[in-house]
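Working notes, beginning with the structure itself.
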Amino acid sequence: MTCLSGIIGYLLTESRYGKAIQRMAMFSKDLGIDLGTMFTRLADSSQVLAQQPTIVAIETAEQKMVAVGQEALDMYGRVPESIEVARPLKNGVIADYEITETLLSYLIRQVSGSMRLIRPRVMISVPNGVTSVERRAVYEAVLEAGSREAYLIQQPLAAALGVDLPIGSPSGNMVICLGGGCVEAAVMAMYGVVSAETLRSGGLDFDEAIVNYVRRKYGVVIGQTTAEQLKTRIGAAVPQDTENSMEVQGQDQVTGLPRPVTLTTGEIVEALQDPLKSVIETGRRVLEKTPPELVADIIDRGVALCGGGALLRGVDKLLTKSLGIPAYLVDTPLTCVVEGAVKALPMYPILKRTLPQV
Ligand SMILES: Nc1ncnc2c1ncn2[C@@H]1O[C@H](COP(=O)(O)OP(=O)(O)OP(=O)(O)O)[C@@H](O)[C@H]1O
Ligand SMILES: [Mg+2]
């Protein structure tokens, strides 16, 4: 036994195999993953490696994966019954474990390339308010998907690290992440989350509000993708000086026949008022729970807005006015969470006490 462990020890340290193993360890990858309701992003310490819609096409009879990400999204609504195109996340949390794991292992393999044998160490973001069962599901899915070690980080904390907010200091930093499935507002200091609120609705509900508005006002039913196009192309959170308009195709609610309808920026602003009120409320509730000293810091520094929803025109103005604190769009609203997640890995010893445990 002693002899055998001696030989293994020699192979691991002295031989050329040992040197190769040491070299492989040196190259071992650290990956950050932002598992979002709409998009999943992977990054290493130098760049974003993959950015794909969180969607998978499955052959239902044999449960075989047919397509992942953009390719699966392109199939949406255009496949026979034998294929299911599914979004495995709902409001920021895993709704279908198997599909999530399939998607993650595909993406991890894809970004690992020739280093496939060396399993990466992964830091993955989760919404702040998730339950222990939801946390466990993410943790297990990442491990099953082929990572060597897995750690979880709260989405707003990752975003703050991703945009280099000074969260290690004892002063307050506030972030609002406006995602596709959830909105998270949090105040951070001393590498930890001091107060946070998660609203389990997001950009998809903005689209839904537009669908409902068009149906109520014009008696025309439009699809979610069309509503999203209206939101991103001509939409805004507050009235704009220049009004844009866009014609879309819908279906007459009474006759069922195709009917075009033209919407303006002002109408989209009106349609989005209710979901926007919920976002403001989420920010307000966090500020109410935050110690006054930290609020004073946030008034000086402002609120960083990230996530795809932060790209809605005028959302910074609306939040600045409603919260009484300057809100600004960060430089990398779509990728700051994944960039922050990978940055957090070497900081694990400092962050350990504040990261979600599984
Ligand atoms: N210019 C824009 N204006 C308004 N909304 C936008 C714009 N661009 C993207 N979005 C919205 O951003 C959302 C996607 O954002 P993001 O990628 O941050 O979400 P996610 O991380 O997948 O979701 P979550 O964090 O909630 O799980 C979509 O709802 C999309 O419609
Ligand atoms: Mg997100």
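Ordered as shown in the structure tokens, chains take letters A, B, and onward, while each chain numbers its residues from 1 and ligands are numbered from 1 in the order shown.
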
Please return as a PyMOL selection string the residues found within 7 Å of ligand 1, counting only C-alpha atoms and all ligand atoms. chain A and resi 34-40+91-92+178-183+202-204+228+231-233+235+307-313+334

Would you list the contacts of Ala327 in chain A as a ChimeraX atom specification, taking every protein, DNA or RNA residue within 6 Å and counting only C-alpha atoms, but skipping same-chain residues closer than 5 positions in sequence? /A:302-303,316,320

Pull C-alpha atoms from the residues just selected and write them as a CSV table (one decimal), in the first residue's frame.
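Saved result, out-v8.csv, follows:
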chain,number,residue,atom,x,y,z
A,302,GLY,CA,-26.4,57.1,-7.1
A,303,VAL,CA,-28.2,53.9,-8.0
A,316,ASP,CA,-33.1,56.2,-15.2
A,320,THR,CA,-34.3,59.3,-10.2

Of the candidates A:Thr198, A:Met123, A:Ile167, A:Glu243, which shows the shortest atom-to-atom distance to Tyr348 in chain A, using only C-alpha atoms? A:Met123

Enumerate, as JSON, numbers by chain, the complete set of residues in range 94-305 of chain A that a backbone-based DSSP assignment places in alpha helix (DSSP H). {"A": [97, 98, 99, 100, 101, 102, 103, 104, 105, 106, 107, 108, 109, 110, 111, 112, 132, 133, 134, 135, 136, 137, 138, 139, 140, 141, 142, 143, 144, 155, 156, 157, 158, 159, 160, 161, 162, 203, 204, 205, 206, 207, 208, 209, 210, 211, 212, 213, 214, 215, 216, 217, 218, 224, 225, 226, 227, 228, 229, 230, 231, 232, 233, 234, 265, 266, 267, 268, 269, 270, 271, 273, 274, 275, 276, 277, 278, 279, 280, 281, 282, 283, 284, 285, 286, 287, 288, 289, 292, 293, 294, 295, 296, 297, 298, 299, 300, 301]}

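Atom to atom, CA of Ser132 in chain A and CA of Tyr151 in chain A stand 13.7 Å apart.
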